[in-house]
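One file, target-v4.pdb, carrying PDB, N, CA and C atoms:
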```pdb
ATOM      1  N   MET A 280     -39.392 -37.400 -23.743
ATOM      2  CA  MET A 280     -39.617 -35.999 -23.480
ATOM      3  C   MET A 280     -39.230 -35.632 -22.039
ATOM      4  N   PHE A 281     -39.598 -36.501 -21.112
ATOM      5  CA  PHE A 281     -39.267 -36.262 -19.713
ATOM      6  C   PHE A 281     -37.758 -36.234 -19.515
ATOM      7  N   ASN A 282     -37.059 -37.164 -20.159
ATOM      8  CA  ASN A 282     -35.606 -37.213 -20.042
ATOM      9  C   ASN A 282     -34.970 -35.944 -20.592
ATOM     10  N   MET A 283     -35.516 -35.433 -21.680
ATOM     11  CA  MET A 283     -34.976 -34.217 -22.295
ATOM     12  C   MET A 283     -35.135 -33.019 -21.365
ATOM     13  N   LYS A 284     -36.291 -32.848 -20.722
ATOM     14  CA  LYS A 284     -36.529 -31.755 -19.789
ATOM     15  C   LYS A 284     -35.613 -31.885 -18.566
ATOM     16  N   PHE A 285     -35.471 -33.121 -18.103
ATOM     17  CA  PHE A 285     -34.640 -33.371 -16.936
ATOM     18  C   PHE A 285     -33.187 -32.994 -17.231
ATOM     19  N   PHE A 286     -32.670 -33.434 -18.376
ATOM     20  CA  PHE A 286     -31.290 -33.129 -18.735
ATOM     21  C   PHE A 286     -31.087 -31.637 -18.983
ATOM     22  N   LYS A 287     -32.108 -30.998 -19.570
ATOM     23  CA  LYS A 287     -32.006 -29.559 -19.820
ATOM     24  C   LYS A 287     -31.948 -28.786 -18.497
ATOM     25  N   SER A 288     -32.813 -29.163 -17.540
ATOM     26  CA  SER A 288     -32.806 -28.476 -16.245
ATOM     27  C   SER A 288     -31.515 -28.779 -15.477
ATOM     28  N   LEU A 289     -31.015 -30.008 -15.618
ATOM     29  CA  LEU A 289     -29.753 -30.370 -14.982
ATOM     30  C   LEU A 289     -28.600 -29.566 -15.559
ATOM     31  N   LYS A 290     -28.604 -29.417 -16.871
ATOM     32  CA  LYS A 290     -27.549 -28.632 -17.533
ATOM     33  C   LYS A 290     -27.588 -27.178 -17.081
ATOM     34  N   GLU A 291     -28.765 -26.591 -16.994
ATOM     35  CA  GLU A 291     -28.890 -25.202 -16.547
ATOM     36  C   GLU A 291     -28.416 -25.046 -15.105
ATOM     37  N   ALA A 292     -28.762 -26.037 -14.254
ATOM     38  CA  ALA A 292     -28.339 -25.984 -12.855
ATOM     39  C   ALA A 292     -26.819 -26.065 -12.748
ATOM     40  N   LEU A 293     -26.213 -26.934 -13.511
ATOM     41  CA  LEU A 293     -24.760 -27.060 -13.487
ATOM     42  C   LEU A 293     -24.085 -25.824 -14.051
ATOM     43  N   ASP A 294     -24.656 -25.239 -15.091
ATOM     44  CA  ASP A 294     -24.085 -24.021 -15.659
ATOM     45  C   ASP A 294     -24.122 -22.872 -14.655
ATOM     46  N   SER A 295     -25.204 -22.733 -13.907
ATOM     47  CA  SER A 295     -25.277 -21.644 -12.930
ATOM     48  C   SER A 295     -24.266 -21.881 -11.806
ATOM     49  N   LYS A 296     -24.074 -23.131 -11.410
ATOM     50  CA  LYS A 296     -23.058 -23.423 -10.393
ATOM     51  C   LYS A 296     -21.669 -23.115 -10.933
ATOM     52  N   ALA A 297     -21.433 -23.469 -12.188
ATOM     53  CA  ALA A 297     -20.135 -23.185 -12.801
ATOM     54  C   ALA A 297     -19.907 -21.684 -12.892
ATOM     55  N   ASN A 298     -20.955 -20.953 -13.250
ATOM     56  CA  ASN A 298     -20.840 -19.491 -13.329
ATOM     57  C   ASN A 298     -20.552 -18.888 -11.955
ATOM     58  N   LEU A 299     -21.240 -19.401 -10.941
ATOM     59  CA  LEU A 299     -21.028 -18.900  -9.591
ATOM     60  C   LEU A 299     -19.609 -19.217  -9.113
ATOM     61  N   THR A 300     -19.148 -20.405  -9.416
ATOM     62  CA  THR A 300     -17.791 -20.798  -9.037
ATOM     63  C   THR A 300     -16.759 -19.929  -9.751
ATOM     64  N   ALA A 301     -16.968 -19.693 -11.026
ATOM     65  CA  ALA A 301     -16.049 -18.847 -11.785
ATOM     66  C   ALA A 301     -16.029 -17.431 -11.221
ATOM     67  N   PHE A 302     -17.213 -16.917 -10.866
ATOM     68  CA  PHE A 302     -17.304 -15.583 -10.289
ATOM     69  C   PHE A 302     -16.559 -15.522  -8.960
ATOM     70  N   ALA A 303     -16.763 -16.539  -8.116
ATOM     71  CA  ALA A 303     -16.095 -16.570  -6.813
ATOM     72  C   ALA A 303     -14.581 -16.638  -6.984
ATOM     73  N   ASN A 304     -14.114 -17.423  -7.938
ATOM     74  CA  ASN A 304     -12.675 -17.513  -8.192
ATOM     75  C   ASN A 304     -12.116 -16.178  -8.667
ATOM     76  N   ALA A 305     -12.856 -15.505  -9.530
ATOM     77  CA  ALA A 305     -12.411 -14.198 -10.027
ATOM     78  C   ALA A 305     -12.338 -13.189  -8.881
ATOM     79  N   GLN A 306     -13.311 -13.249  -7.983
ATOM     80  CA  GLN A 306     -13.300 -12.350  -6.826
ATOM     81  C   GLN A 306     -12.084 -12.618  -5.938
ATOM     82  N   ALA A 307     -11.791 -13.895  -5.725
ATOM     83  CA  ALA A 307     -10.645 -14.250  -4.884
ATOM     84  C   ALA A 307      -9.341 -13.766  -5.520
ATOM     85  N   GLU A 308      -9.204 -13.934  -6.835
ATOM     86  CA  GLU A 308      -8.008 -13.460  -7.529
ATOM     87  C   GLU A 308      -7.897 -11.949  -7.443
ATOM     88  N   GLY A 309      -9.026 -11.259  -7.574
ATOM     89  CA  GLY A 309      -9.026  -9.800  -7.460
ATOM     90  C   GLY A 309      -8.583  -9.343  -6.089
ATOM     91  N   ARG A 310      -9.057 -10.039  -5.058
ATOM     92  CA  ARG A 310      -8.659  -9.698  -3.690
ATOM     93  C   ARG A 310      -7.164  -9.927  -3.496
ATOM     94  N   GLU A 311      -6.664 -11.042  -4.017
ATOM     95  CA  GLU A 311      -5.239 -11.331  -3.875
ATOM     96  C   GLU A 311      -4.394 -10.267  -4.571
ATOM     97  N   ASP A 312      -4.817  -9.850  -5.770
ATOM     98  CA  ASP A 312      -4.095  -8.806  -6.485
ATOM     99  C   ASP A 312      -4.102  -7.502  -5.702
ATOM    100  N   MET A 313      -5.255  -7.185  -5.110
ATOM    101  CA  MET A 313      -5.359  -5.941  -4.347
ATOM    102  C   MET A 313      -4.458  -5.998  -3.116
ATOM    103  N   ILE A 314      -4.437  -7.130  -2.431
ATOM    104  CA  ILE A 314      -3.598  -7.278  -1.245
ATOM    105  C   ILE A 314      -2.128  -7.161  -1.624
ATOM    106  N   LYS A 315      -1.740  -7.805  -2.718
ATOM    107  CA  LYS A 315      -0.353  -7.707  -3.175
ATOM    108  C   LYS A 315       0.002  -6.274  -3.524
ATOM    109  N   SER A 316      -0.915  -5.580  -4.174
ATOM    110  CA  SER A 316      -0.670  -4.192  -4.558
ATOM    111  C   SER A 316      -0.511  -3.312  -3.324
ATOM    112  N   LEU A 317      -1.413  -3.482  -2.367
ATOM    113  CA  LEU A 317      -1.320  -2.682  -1.146
ATOM    114  C   LEU A 317      -0.049  -2.996  -0.390
ATOM    115  N   SER A 318       0.284  -4.263  -0.301
ATOM    116  CA  SER A 318       1.503  -4.646   0.398
ATOM    117  C   SER A 318       2.717  -4.043  -0.288
ATOM    118  N   SER A 319       2.709  -4.072  -1.619
ATOM    119  CA  SER A 319       3.818  -3.507  -2.380
ATOM    120  C   SER A 319       3.929  -2.005  -2.137
ATOM    121  N   ASN A 320       2.791  -1.313  -2.154
ATOM    122  CA  ASN A 320       2.798   0.132  -1.915
ATOM    123  C   ASN A 320       3.275   0.455  -0.511
ATOM    124  N   GLU A 321       2.821  -0.318   0.461
ATOM    125  CA  GLU A 321       3.244  -0.080   1.838
ATOM    126  C   GLU A 321       4.746  -0.306   1.998
ATOM    127  N   LEU A 322       5.261  -1.316   1.316
ATOM    128  CA  LEU A 322       6.701  -1.572   1.386
ATOM    129  C   LEU A 322       7.488  -0.436   0.750
ATOM    130  N   LYS A 323       6.990   0.106  -0.358
ATOM    131  CA  LYS A 323       7.661   1.225  -1.016
ATOM    132  C   LYS A 323       7.654   2.450  -0.114
ATOM    133  N   ILE A 324       6.527   2.710   0.530
ATOM    134  CA  ILE A 324       6.424   3.860   1.426
ATOM    135  C   ILE A 324       7.383   3.700   2.598
ATOM    136  N   LYS A 325       7.427   2.503   3.163
ATOM    137  CA  LYS A 325       8.326   2.234   4.288
ATOM    138  C   LYS A 325       9.784   2.422   3.875
ATOM    139  N   ALA A 326      10.132   1.932   2.680
ATOM    140  CA  ALA A 326      11.510   2.075   2.192
ATOM    141  C   ALA A 326      11.850   3.550   1.976
ATOM    142  N   ASP A 327      10.895   4.314   1.433
ATOM    143  CA  ASP A 327      11.118   5.749   1.223
ATOM    144  C   ASP A 327      11.329   6.467   2.553
ATOM    145  N   GLU A 328      10.538   6.112   3.559
ATOM    146  CA  GLU A 328      10.681   6.738   4.867
ATOM    147  C   GLU A 328      12.033   6.403   5.496
ATOM    148  N   GLN A 329      12.468   5.162   5.332
ATOM    149  CA  GLN A 329      13.768   4.769   5.883
ATOM    150  C   GLN A 329      14.904   5.492   5.169
ATOM    151  N   ARG A 330      14.765   5.657   3.852
ATOM    152  CA  ARG A 330      15.786   6.384   3.098
ATOM    153  C   ARG A 330      15.828   7.845   3.520
ATOM    154  N   LEU A 331      14.653   8.456   3.727
ATOM    155  CA  LEU A 331      14.592   9.846   4.180
ATOM    156  C   LEU A 331      15.248   9.987   5.549
ATOM    157  N   GLU A 332      14.942   9.061   6.446
ATOM    158  CA  GLU A 332      15.547   9.126   7.785
ATOM    159  C   GLU A 332      17.061   8.991   7.714
ATOM    160  N   ALA A 333      17.555   8.105   6.877
ATOM    161  CA  ALA A 333      19.011   7.937   6.732
ATOM    162  C   ALA A 333      19.645   9.210   6.183
ATOM    163  N   MET A 334      18.970   9.850   5.232
ATOM    164  CA  MET A 334      19.497  11.095   4.659
ATOM    165  C   MET A 334      19.534  12.197   5.714
ATOM    166  N   VAL A 335      18.480  12.292   6.526
ATOM    167  CA  VAL A 335      18.433  13.318   7.574
ATOM    168  C   VAL A 335      19.533  13.076   8.597
ATOM    169  N   ARG A 336      19.691  11.827   9.002
ATOM    170  CA  ARG A 336      20.745  11.509   9.976
ATOM    171  C   ARG A 336      22.128  11.854   9.422
ATOM    172  N   GLN A 337      22.370  11.523   8.172
ATOM    173  CA  GLN A 337      23.663  11.815   7.550
ATOM    174  C   GLN A 337      23.910  13.318   7.481
ATOM    175  N   GLN A 338      22.884  14.061   7.075
ATOM    176  CA  GLN A 338      23.023  15.509   6.957
ATOM    177  C   GLN A 338      23.302  16.148   8.319
ATOM    178  N   LEU A 339      22.584  15.698   9.339
ATOM    179  CA  LEU A 339      22.814  16.243  10.683
ATOM    180  C   LEU A 339      24.223  15.931  11.174
ATOM    181  N   LYS A 340      24.706  14.737  10.901
ATOM    182  CA  LYS A 340      26.065  14.364  11.313
ATOM    183  C   LYS A 340      27.112  15.220  10.616
ATOM    184  N   GLU A 341      26.851  15.545   9.340
ATOM    185  CA  GLU A 341      27.802  16.370   8.591
ATOM    186  C   GLU A 341      27.815  17.801   9.106
ATOM    187  N   GLU A 342      26.627  18.332   9.406
ATOM    188  CA  GLU A 342      26.538  19.732   9.828
ATOM    189  C   GLU A 342      26.907  19.924  11.297
ATOM    190  N   PHE A 343      26.623  18.920  12.116
ATOM    191  CA  PHE A 343      26.889  19.019  13.549
ATOM    192  C   PHE A 343      27.656  17.770  13.997
ATOM    193  N   PRO A 344      28.970  17.827  13.985
ATOM    194  CA  PRO A 344      29.762  16.650  14.378
ATOM    195  C   PRO A 344      29.416  16.181  15.799
ATOM    196  N   ASN A 345      29.401  14.882  15.979
ATOM    197  CA  ASN A 345      29.126  14.228  17.263
ATOM    198  C   ASN A 345      27.726  14.483  17.803
ATOM    199  N   ILE A 346      26.810  14.937  16.966
ATOM    200  CA  ILE A 346      25.445  15.184  17.445
ATOM    201  C   ILE A 346      24.717  13.879  17.749
ATOM    202  N   GLU A 347      25.145  12.797  17.088
ATOM    203  CA  GLU A 347      24.460  11.515  17.309
ATOM    204  C   GLU A 347      24.636  11.007  18.742
ATOM    205  N   LYS A 348      25.594  11.565  19.452
ATOM    206  CA  LYS A 348      25.806  11.185  20.852
ATOM    207  C   LYS A 348      24.868  11.930  21.791
ATOM    208  N   SER A 349      24.199  12.949  21.281
ATOM    209  CA  SER A 349      23.293  13.750  22.092
ATOM    210  C   SER A 349      22.052  12.943  22.465
ATOM    211  N   SER A 350      21.510  13.217  23.622
ATOM    212  CA  SER A 350      20.329  12.479  24.086
ATOM    213  C   SER A 350      19.072  12.847  23.295
ATOM    214  N   SER A 351      19.073  14.013  22.693
ATOM    215  CA  SER A 351      17.890  14.450  21.935
ATOM    216  C   SER A 351      18.060  14.252  20.430
ATOM    217  N   TYR A 352      19.053  13.502  20.029
ATOM    218  CA  TYR A 352      19.338  13.291  18.608
ATOM    219  C   TYR A 352      18.157  12.653  17.875
ATOM    220  N   ASP A 353      17.590  11.600  18.454
ATOM    221  CA  ASP A 353      16.449  10.937  17.810
ATOM    222  C   ASP A 353      15.245  11.861  17.709
ATOM    223  N   LEU A 354      15.032  12.670  18.746
ATOM    224  CA  LEU A 354      13.923  13.626  18.706
ATOM    225  C   LEU A 354      14.141  14.672  17.615
ATOM    226  N   LEU A 355      15.374  15.105  17.454
ATOM    227  CA  LEU A 355      15.697  16.071  16.410
ATOM    228  C   LEU A 355      15.460  15.473  15.027
ATOM    229  N   VAL A 356      15.866  14.229  14.830
ATOM    230  CA  VAL A 356      15.649  13.550  13.555
ATOM    231  C   VAL A 356      14.146  13.458  13.272
ATOM    232  N   ASP A 357      13.372  13.047  14.282
ATOM    233  CA  ASP A 357      11.917  12.956  14.110
ATOM    234  C   ASP A 357      11.302  14.308  13.775
ATOM    235  N   ALA A 358      11.780  15.362  14.414
ATOM    236  CA  ALA A 358      11.241  16.706  14.162
ATOM    237  C   ALA A 358      11.549  17.163  12.739
ATOM    238  N   VAL A 359      12.760  16.906  12.282
ATOM    239  CA  VAL A 359      13.132  17.298  10.916
ATOM    240  C   VAL A 359      12.275  16.547   9.900
ATOM    241  N   ILE A 360      12.100  15.247  10.113
ATOM    242  CA  ILE A 360      11.281  14.447   9.194
ATOM    243  C   ILE A 360       9.834  14.935   9.219
ATOM    244  N   HIS A 361       9.317  15.235  10.404
ATOM    245  CA  HIS A 361       7.951  15.742  10.522
ATOM    246  C   HIS A 361       7.783  17.061   9.764
ATOM    247  N   ASN A 362       8.733  17.971   9.936
ATOM    248  CA  ASN A 362       8.662  19.254   9.230
ATOM    249  C   ASN A 362       8.722  19.056   7.717
ATOM    250  N   TYR A 363       9.574  18.150   7.273
ATOM    251  CA  TYR A 363       9.696  17.877   5.846
ATOM    252  C   TYR A 363       8.380  17.340   5.288
ATOM    253  N   LYS A 364       7.782  16.388   5.990
ATOM    254  CA  LYS A 364       6.516  15.812   5.528
ATOM    255  C   LYS A 364       5.399  16.849   5.547
ATOM    256  N   SER A 365       5.385  17.711   6.562
ATOM    257  CA  SER A 365       4.370  18.764   6.643
ATOM    258  C   SER A 365       4.472  19.712   5.457
ATOM    259  N   LYS A 366       5.694  20.118   5.136
ATOM    260  CA  LYS A 366       5.889  21.011   3.996
ATOM    261  C   LYS A 366       5.514  20.325   2.687
ATOM    262  N   GLN A 367       5.800  19.038   2.594
ATOM    263  CA  GLN A 367       5.446  18.286   1.394
ATOM    264  C   GLN A 367       3.917  18.216   1.248
ATOM    265  N   LEU A 368       3.219  17.991   2.346
ATOM    266  CA  LEU A 368       1.760  17.955   2.298
ATOM    267  C   LEU A 368       1.179  19.314   1.939
ATOM    268  N   GLN A 369       1.740  20.379   2.493
ATOM    269  CA  GLN A 369       1.270  21.718   2.155
ATOM    270  C   GLN A 369       1.474  21.998   0.680
ATOM    271  N   ALA A 370       2.597  21.575   0.137
ATOM    272  CA  ALA A 370       2.869  21.806  -1.278
ATOM    273  C   ALA A 370       1.872  21.052  -2.148
ATOM    274  N   THR A 371       1.535  19.834  -1.778
ATOM    275  CA  THR A 371       0.566  19.080  -2.575
ATOM    276  C   THR A 371      -0.828  19.651  -2.416
ATOM    277  N   ASP A 372      -1.157  20.168  -1.235
ATOM    278  CA  ASP A 372      -2.463  20.811  -1.034
ATOM    279  C   ASP A 372      -2.580  22.072  -1.879
ATOM    280  N   ASP A 373      -1.501  22.865  -1.941
ATOM    281  CA  ASP A 373      -1.518  24.093  -2.733
ATOM    282  C   ASP A 373      -1.689  23.770  -4.216
ATOM    283  N   VAL A 374      -1.092  22.714  -4.676
ATOM    284  CA  VAL A 374      -1.206  22.340  -6.084
ATOM    285  C   VAL A 374      -2.625  21.890  -6.393
ATOM    286  N   GLU A 375      -3.256  21.137  -5.489
ATOM    287  CA  GLU A 375      -4.608  20.644  -5.718
ATOM    288  C   GLU A 375      -5.645  21.769  -5.681
ATOM    289  N   ILE A 376      -5.417  22.791  -4.861
ATOM    290  CA  ILE A 376      -6.372  23.890  -4.722
ATOM    291  C   ILE A 376      -6.364  24.761  -5.967
ATOM    292  N   LYS A 377      -5.218  25.014  -6.546
ATOM    293  CA  LYS A 377      -5.119  25.914  -7.686
ATOM    294  C   LYS A 377      -5.667  25.320  -8.905
TER     295      LYS A 377
END
```
This structure in structure tokens:
Amino acid sequence: MFNMKFFKSLKEALDSKANLTAFANAQAEGREDMIKSLSSNELKIKADEQRLEAMVRQQLKEEFPNIEKSSSYDLLVDAVIHNYKSKQLQATDDVEIK
């Protein structure tokens, strides 16, 4: 009888450790998935921003020849991108409010 109680309590103790280990592993996998997802989203956002900047630079070069030689060219590119993003945010705010 003593051996049976001992083995039963040992089995329960091992099962709780196994459950805790499984839970910890699941948490770690969840964190890794979240980090990968965030990293992926950040990379997509960065790529989109770089593509937008390239488009703005190309458009400015087409409309104003030799503007890239100007000392304020980078500031102009930044201003155009800022205005574009501001208008995009306003448009999304207007959609959410209505």
If you take every atom of stretch 345-361 of chain A that the file lists and fit an axis-aligned box around them with 4 Å extra on each side, what centre and edge lengths come out in Å to one decimal, as AutoDock Vina command-line options?
```
--center_x 18.6 --center_y 14.1 --center_z 16.6 --size_x 29.6 --size_y 14.4 --size_z 22.9
```
Atom CA of A:Ile346 to atom C of A:Ile360, distance in Å rounded to a single decimal:
17.6 Å
Interatomic distance (Å, one decimal) between atom CA of A:Asp372 and atom CA of A:Asp357:
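Separation of atom CA of A:Asp372 and atom CA of A:Asp357: 22.3 Å.
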Mind giving me the straight-line distance from atom N of A:Asp327 to atom C of A:Leu339 in Å, one decimal?
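Distance between the two atoms: 20.2 Å.
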Could you check the closest approach to A:Asp353 for each of A:Glu341, A:Gln369, A:Glu332, A:Leu317 and tell me which residue wins, using only C-alpha atoms?
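Closest residue, counting only C-alpha atoms: A:Glu332.
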Which neighbours of A:Leu355 fall inside 12 Å, counting only C-alpha atoms, when residues of the same chain fewer than 5 positions from it are skipped, and could you give them as a PyMOL selection string?
chain A and resi 332+335-336+338-340+343+346-347+349-350+360-362
Rebuild stretch 304-315 of chain A so that it carries all heavy atoms, then output the result as a PDB file, keeping the file's coordinate frame.
```
ATOM      1  N   ASN A 304     -14.114 -17.423  -7.938  1.00  0.00           N
ATOM      2  CA  ASN A 304     -12.675 -17.513  -8.192  1.00  0.00           C
ATOM      3  C   ASN A 304     -12.116 -16.178  -8.667  1.00  0.00           C
ATOM      4  O   ASN A 304     -11.027 -15.768  -8.269  1.00  0.00           O
ATOM      5  CB  ASN A 304     -12.373 -18.610  -9.210  1.00  0.00           C
ATOM      6  CG  ASN A 304     -12.578 -20.000  -8.650  1.00  0.00           C
ATOM      7  OD1 ASN A 304     -12.576 -20.186  -7.448  1.00  0.00           O
ATOM      8  ND2 ASN A 304     -12.775 -20.972  -9.523  1.00  0.00           N
ATOM      9  N   ALA A 305     -12.856 -15.505  -9.530  1.00  0.00           N
ATOM     10  CA  ALA A 305     -12.411 -14.198 -10.027  1.00  0.00           C
ATOM     11  C   ALA A 305     -12.338 -13.189  -8.881  1.00  0.00           C
ATOM     12  O   ALA A 305     -11.408 -12.373  -8.818  1.00  0.00           O
ATOM     13  CB  ALA A 305     -13.349 -13.699 -11.121  1.00  0.00           C
ATOM     14  N   GLN A 306     -13.311 -13.249  -7.983  1.00  0.00           N
ATOM     15  CA  GLN A 306     -13.300 -12.350  -6.826  1.00  0.00           C
ATOM     16  C   GLN A 306     -12.084 -12.618  -5.938  1.00  0.00           C
ATOM     17  O   GLN A 306     -11.440 -11.690  -5.468  1.00  0.00           O
ATOM     18  CB  GLN A 306     -14.597 -12.510  -6.008  1.00  0.00           C
ATOM     19  CG  GLN A 306     -15.818 -11.988  -6.697  1.00  0.00           C
ATOM     20  CD  GLN A 306     -15.787 -10.484  -6.825  1.00  0.00           C
ATOM     21  OE1 GLN A 306     -15.338  -9.779  -5.935  1.00  0.00           O
ATOM     22  NE2 GLN A 306     -16.260  -9.980  -7.948  1.00  0.00           N
ATOM     23  N   ALA A 307     -11.791 -13.895  -5.725  1.00  0.00           N
ATOM     24  CA  ALA A 307     -10.645 -14.250  -4.884  1.00  0.00           C
ATOM     25  C   ALA A 307      -9.341 -13.766  -5.520  1.00  0.00           C
ATOM     26  O   ALA A 307      -8.465 -13.236  -4.835  1.00  0.00           O
ATOM     27  CB  ALA A 307     -10.607 -15.763  -4.665  1.00  0.00           C
ATOM     28  N   GLU A 308      -9.204 -13.934  -6.835  1.00  0.00           N
ATOM     29  CA  GLU A 308      -8.008 -13.460  -7.529  1.00  0.00           C
ATOM     30  C   GLU A 308      -7.897 -11.949  -7.443  1.00  0.00           C
ATOM     31  O   GLU A 308      -6.805 -11.406  -7.250  1.00  0.00           O
ATOM     32  CB  GLU A 308      -8.028 -13.907  -8.986  1.00  0.00           C
ATOM     33  CG  GLU A 308      -7.809 -15.389  -9.183  1.00  0.00           C
ATOM     34  CD  GLU A 308      -7.976 -15.818 -10.638  1.00  0.00           C
ATOM     35  OE1 GLU A 308      -8.114 -14.950 -11.516  1.00  0.00           O
ATOM     36  OE2 GLU A 308      -7.983 -17.036 -10.878  1.00  0.00           O
ATOM     37  N   GLY A 309      -9.026 -11.259  -7.574  1.00  0.00           N
ATOM     38  CA  GLY A 309      -9.026  -9.800  -7.460  1.00  0.00           C
ATOM     39  C   GLY A 309      -8.583  -9.343  -6.089  1.00  0.00           C
ATOM     40  O   GLY A 309      -7.826  -8.390  -5.952  1.00  0.00           O
ATOM     41  N   ARG A 310      -9.057 -10.039  -5.058  1.00  0.00           N
ATOM     42  CA  ARG A 310      -8.659  -9.698  -3.690  1.00  0.00           C
ATOM     43  C   ARG A 310      -7.164  -9.927  -3.496  1.00  0.00           C
ATOM     44  O   ARG A 310      -6.488  -9.114  -2.876  1.00  0.00           O
ATOM     45  CB  ARG A 310      -9.453 -10.537  -2.686  1.00  0.00           C
ATOM     46  CG  ARG A 310     -10.804  -9.937  -2.377  1.00  0.00           C
ATOM     47  CD  ARG A 310     -11.464 -10.667  -1.215  1.00  0.00           C
ATOM     48  NE  ARG A 310     -12.796 -11.025  -1.676  1.00  0.00           N
ATOM     49  CZ  ARG A 310     -13.254 -12.252  -1.852  1.00  0.00           C
ATOM     50  NH1 ARG A 310     -12.508 -13.284  -1.560  1.00  0.00           N
ATOM     51  NH2 ARG A 310     -14.469 -12.470  -2.288  1.00  0.00           N
ATOM     52  N   GLU A 311      -6.664 -11.042  -4.017  1.00  0.00           N
ATOM     53  CA  GLU A 311      -5.239 -11.331  -3.875  1.00  0.00           C
ATOM     54  C   GLU A 311      -4.394 -10.267  -4.571  1.00  0.00           C
ATOM     55  O   GLU A 311      -3.385  -9.815  -4.023  1.00  0.00           O
ATOM     56  CB  GLU A 311      -4.921 -12.709  -4.458  1.00  0.00           C
ATOM     57  CG  GLU A 311      -5.432 -13.865  -3.626  1.00  0.00           C
ATOM     58  CD  GLU A 311      -5.186 -15.213  -4.286  1.00  0.00           C
ATOM     59  OE1 GLU A 311      -4.392 -15.276  -5.239  1.00  0.00           O
ATOM     60  OE2 GLU A 311      -5.798 -16.198  -3.828  1.00  0.00           O
ATOM     61  N   ASP A 312      -4.817  -9.850  -5.770  1.00  0.00           N
ATOM     62  CA  ASP A 312      -4.095  -8.806  -6.485  1.00  0.00           C
ATOM     63  C   ASP A 312      -4.102  -7.502  -5.702  1.00  0.00           C
ATOM     64  O   ASP A 312      -3.101  -6.794  -5.637  1.00  0.00           O
ATOM     65  CB  ASP A 312      -4.701  -8.591  -7.875  1.00  0.00           C
ATOM     66  CG  ASP A 312      -4.444  -9.752  -8.808  1.00  0.00           C
ATOM     67  OD1 ASP A 312      -3.552 -10.581  -8.510  1.00  0.00           O
ATOM     68  OD2 ASP A 312      -5.152  -9.842  -9.846  1.00  0.00           O
ATOM     69  N   MET A 313      -5.255  -7.185  -5.110  1.00  0.00           N
ATOM     70  CA  MET A 313      -5.359  -5.941  -4.347  1.00  0.00           C
ATOM     71  C   MET A 313      -4.458  -5.998  -3.116  1.00  0.00           C
ATOM     72  O   MET A 313      -3.763  -5.030  -2.796  1.00  0.00           O
ATOM     73  CB  MET A 313      -6.801  -5.691  -3.927  1.00  0.00           C
ATOM     74  CG  MET A 313      -6.988  -4.421  -3.116  1.00  0.00           C
ATOM     75  SD  MET A 313      -8.710  -4.092  -2.783  1.00  0.00           S
ATOM     76  CE  MET A 313      -9.037  -2.962  -4.110  1.00  0.00           C
ATOM     77  N   ILE A 314      -4.437  -7.130  -2.431  1.00  0.00           N
ATOM     78  CA  ILE A 314      -3.598  -7.278  -1.245  1.00  0.00           C
ATOM     79  C   ILE A 314      -2.128  -7.161  -1.624  1.00  0.00           C
ATOM     80  O   ILE A 314      -1.350  -6.481  -0.944  1.00  0.00           O
ATOM     81  CB  ILE A 314      -3.894  -8.613  -0.536  1.00  0.00           C
ATOM     82  CG1 ILE A 314      -5.268  -8.547   0.120  1.00  0.00           C
ATOM     83  CG2 ILE A 314      -2.822  -8.943   0.488  1.00  0.00           C
ATOM     84  CD1 ILE A 314      -5.773  -9.871   0.645  1.00  0.00           C
ATOM     85  N   LYS A 315      -1.740  -7.805  -2.718  1.00  0.00           N
ATOM     86  CA  LYS A 315      -0.353  -7.707  -3.175  1.00  0.00           C
ATOM     87  C   LYS A 315       0.002  -6.274  -3.524  1.00  0.00           C
ATOM     88  O   LYS A 315       1.087  -5.794  -3.217  1.00  0.00           O
ATOM     89  CB  LYS A 315      -0.118  -8.625  -4.378  1.00  0.00           C
ATOM     90  CG  LYS A 315      -0.080 -10.084  -4.030  1.00  0.00           C
ATOM     91  CD  LYS A 315       0.111 -10.935  -5.266  1.00  0.00           C
ATOM     92  CE  LYS A 315       0.025 -12.406  -4.937  1.00  0.00           C
ATOM     93  NZ  LYS A 315       0.071 -13.244  -6.144  1.00  0.00           N
TER      94      LYS A 315
END
```
